[in-house]
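See structure below.
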Amino acid sequence: MRGALSWPFLQLYILTLLYFSANSILNVIIPLKGESLGATNTTIGIIMGAYLFTTMLFRPWAGHMIHKHGPIKVLRTILVINGFALILYTFTGLEGYFVARILQGVCTAFFSMALQLGIIDALPDKDRSQGISMYSLCASIPGIIGPLLALGMWQAGDMSGFTAGMITIAILTGVVGYSAKINKKEAEPGSSQSGQGGALLNSFGQLVKNPYLFKCSVLMLIASLIFGAVTIFVPLYAVQIEGGNAAIYLMLQAGTVVVARFVLRKKIPSDGKWHSAFVMSMMLILAVAAQSVSFSVMGGAVFFYVGALLMGIAQAVLYPTLTTYLTFVLPQMNRNVLIGLFIAMADLGVSLGGIIMGPIADLSSYSFMYMICAILGVSMILFSYERGKIFVRSR
């Protein structure tokens, strides 16, 4: 096999799968643990949101450090910290979970940036979208089995299975991570320009000044807010739905993400042009998914699971589409840092899905909160439209 499916890249995808396995379990365990201890939705949202909020803060710095030192050196360091964070979950309560989420957030900022930027730099333009899609696919695969394992651990009443799982994932991730290679990036670890530090600070203004980055960041922010609200609160919302099961929902959504990313990986635009109709259709699917989840408390489990399928399709396609587009239109000189800012907006959105939507759920209901998500999705359909305009950077 060549290109995005050659052995060196397959190793990176396996590492991605292992790394995100822990989160697929924690996304179910932490809300259930919090509710059992009497925590409010606001508190649960803050604990869950701390993970990607921290990731958001560290992503731009991660892009700069990876550009300077190369992804492998950075990767091996953060895998040790990640192992400590996973073990911390095994012997602490909610306070310890909060600290561990912050540590995981730091690690994920560097991990995902190292792998994604390494893949982008090592693959030719024609294979770039496939590489990003495969990375995203493997980050999603754990979500198929993880929720079911987590519910099994929780319902058993004995958290020894959870402890063994976290320790095993920490060890396997470290072993695979230390054997991985990203050849092209390692060949030029000292290529950082002296102005990169200043570019790191100045790049924040590009979120508004650069029209390509601004549009993609706003779309990803809102979409991720919806994804985050679903991931964090579905384990608690499912019990209100007749025939609803959180594990089945999360498995359906993750399974759809995996299948859609693999089947559609060659359909994702990789030409540097802005495809309005394509992006608008994804935001429409996302809005319908959120409304379906909202209505399921009255309409039943069918709407609940249809929402999972539609949510999975939108999640599978939107992120690699926007990321691939940005790799073409952003200036080469500070592309890594700017892509880091874009991914940081995705992280911020997931965090806001807990931090903002948690209080809304406390004040009203989960159903109303998901209806708000649907309205936000509709607003992004209009925002993504561009009449007679092609976004493409001159070369």
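FYI, nothing fancy with the structure tokens labels: chains A, B, ... in order, residues from 1 per chain, ligands from 1 as they appear.
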
Near Pro147 (chain A), counting only C-alpha atoms, which residues have an atom at most 8 Å away, once you skip same-chain residues fewer than 4 positions from it, shown as a short mmCIF file (atom, residue, chain, number, x, y, z; two decimals) with C-alpha atoms, in the first residue's frame?
data_model
loop_
_atom_site.label_atom_id
_atom_site.label_comp_id
_atom_site.auth_asym_id
_atom_site.auth_seq_id
_atom_site.Cartn_x
_atom_site.Cartn_y
_atom_site.Cartn_z
CA SER A 24 -14.66 6.93 24.85
CA ILE A 25 -14.92 5.28 28.28
CA ASN A 27 -17.20 10.29 28.36
CA VAL A 28 -19.73 7.90 29.91
CA GLY A 143 -16.59 5.39 20.37
CA LEU A 151 -21.72 1.02 31.04
CA ALA A 246 -26.97 5.95 25.94
CA ALA A 247 -24.55 3.19 24.93
CA LEU A 250 -23.12 6.66 21.24
CA MET A 251 -22.24 3.42 19.44
#

Subject >> Selection near region 315-321 of chain A, 9 Å with only C-alpha atoms, sequence-local residues under 6 positions removed, as number ranges by chain >> reply: A: 129-130, 132-133, 136-137, 140, 220, 223-224, 227, 253-254, 256-261, 264-265, 268-270, 279, 282-283, 286, 346

**OP:** Pick out the closest residue to Lys68 (chain A) from this set: A:Ala39, A:Met280, A:Met153, A:Ala114. Count only C-alpha atoms.
**Re:** A:Ala114

Original post:
What are the DSSP alpha helix (DSSP H) residues of region 77-323 of chain A, as a ChimeraX atom specification?
Top reply: /A:77-88,94-122,125-140,142-156,160-179,183-186,196-202,206-209,211-237,246-263,276-299,301-323

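With only C-alpha atoms as the atoms that count, the minimum distance from Lys273 (chain A) to the choices A:Leu88, A:Cys373, A:Leu326, A:Val293 is reached by A:Leu326.
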
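Relative to CA of Leu352 (chain A), CA of Leu149 (chain A) is found at 26.4 Å.
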
**OP:** Give the answer as one residue: which of A:Leu213, A:Gly38, A:Gly312, A:Leu79 has the shortest atom-to-atom distance to Ile339 (chain A), using only C-alpha atoms?
**Re:** A:Leu213

What lies within 9 Å of Ser296 (chain A) using only C-alpha atoms, ignoring chain neighbours under 3 positions off, as a PDB file with N, CA and C atoms, in the first residue's frame?
ATOM      1  N   ILE A 241     -35.949   8.897  27.972  1.00  0.00           N
ATOM      2  CA  ILE A 241     -36.562   8.506  26.703  1.00  0.00           C
ATOM      3  C   ILE A 241     -36.986   7.047  26.764  1.00  0.00           C
ATOM      4  N   GLU A 242     -38.227   6.782  26.444  1.00  0.00           N
ATOM      5  CA  GLU A 242     -38.718   5.405  26.450  1.00  0.00           C
ATOM      6  C   GLU A 242     -37.983   4.582  25.387  1.00  0.00           C
ATOM      7  N   GLY A 244     -34.795   4.423  25.242  1.00  0.00           N
ATOM      8  CA  GLY A 244     -33.505   5.056  24.981  1.00  0.00           C
ATOM      9  C   GLY A 244     -32.386   4.405  25.755  1.00  0.00           C
ATOM     10  N   GLN A 291     -32.373  18.450  16.372  1.00  0.00           N
ATOM     11  CA  GLN A 291     -33.819  18.561  16.600  1.00  0.00           C
ATOM     12  C   GLN A 291     -34.437  17.186  16.817  1.00  0.00           C
ATOM     13  N   SER A 292     -33.935  16.191  16.127  1.00  0.00           N
ATOM     14  CA  SER A 292     -34.443  14.831  16.308  1.00  0.00           C
ATOM     15  C   SER A 292     -34.175  14.334  17.720  1.00  0.00           C
ATOM     16  N   VAL A 293     -32.967  14.613  18.226  1.00  0.00           N
ATOM     17  CA  VAL A 293     -32.638  14.242  19.610  1.00  0.00           C
ATOM     18  C   VAL A 293     -33.542  14.993  20.584  1.00  0.00           C
ATOM     19  N   GLY A 299     -41.243  11.893  21.022  1.00  0.00           N
ATOM     20  CA  GLY A 299     -41.436  10.998  19.896  1.00  0.00           C
ATOM     21  C   GLY A 299     -40.923   9.588  20.100  1.00  0.00           C
ATOM     22  N   GLY A 300     -40.036   9.401  21.069  1.00  0.00           N
ATOM     23  CA  GLY A 300     -39.537   8.068  21.364  1.00  0.00           C
ATOM     24  C   GLY A 300     -38.149   7.777  20.834  1.00  0.00           C
ATOM     25  N   ALA A 301     -37.739   6.541  21.019  1.00  0.00           N
ATOM     26  CA  ALA A 301     -36.367   6.136  20.736  1.00  0.00           C
ATOM     27  C   ALA A 301     -36.020   6.194  19.259  1.00  0.00           C
ATOM     28  N   VAL A 302     -37.015   6.064  18.375  1.00  0.00           N
ATOM     29  CA  VAL A 302     -36.727   6.111  16.933  1.00  0.00           C
ATOM     30  C   VAL A 302     -36.078   7.439  16.569  1.00  0.00           C
ATOM     31  N   PHE A 303     -36.631   8.546  17.058  1.00  0.00           N
ATOM     32  CA  PHE A 303     -36.045   9.861  16.794  1.00  0.00           C
ATOM     33  C   PHE A 303     -34.674   9.988  17.445  1.00  0.00           C
ATOM     34  N   PHE A 304     -34.531   9.399  18.612  1.00  0.00           N
ATOM     35  CA  PHE A 304     -33.266   9.433  19.335  1.00  0.00           C
ATOM     36  C   PHE A 304     -32.159   8.799  18.502  1.00  0.00           C
ATOM     37  N   TYR A 305     -32.421   7.620  17.961  1.00  0.00           N
ATOM     38  CA  TYR A 305     -31.395   6.893  17.214  1.00  0.00           C
ATOM     39  C   TYR A 305     -31.206   7.439  15.801  1.00  0.00           C
ATOM     40  N   GLY A 307     -31.360  10.572  15.199  1.00  0.00           N
ATOM     41  CA  GLY A 307     -30.477  11.693  15.509  1.00  0.00           C
ATOM     42  C   GLY A 307     -29.028  11.257  15.613  1.00  0.00           C
ATOM     43  N   SER A 367     -34.233  18.426  26.562  1.00  0.00           N
ATOM     44  CA  SER A 367     -34.912  18.564  25.276  1.00  0.00           C
ATOM     45  C   SER A 367     -34.832  19.997  24.762  1.00  0.00           C
TER      46      SER A 367
END

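Each of A:Tyr237, A:Phe110, A:Tyr19, A:Tyr212 was compared to Pro142 (chain A) using only C-alpha atoms, and A:Tyr19 turns out to be the nearest.
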
**OP:** Could you check which of A:Pro31, A:Gly340, A:Gly255, A:Pro359 is closest to His67 (chain A), using only C-alpha atoms?
**Re:** A:Gly340

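Considering only C-alpha atoms, the residue among A:Met166, A:Ala277, A:Val208, A:Ile46 positioned nearest to Ser384 (chain A) is A:Ala277.
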
**OP:** May I ask for the distance between CA of Leu103 (chain A) and CA of Tyr51 (chain A), given in Å to one decimal place?
**Re:** 7.7 Å
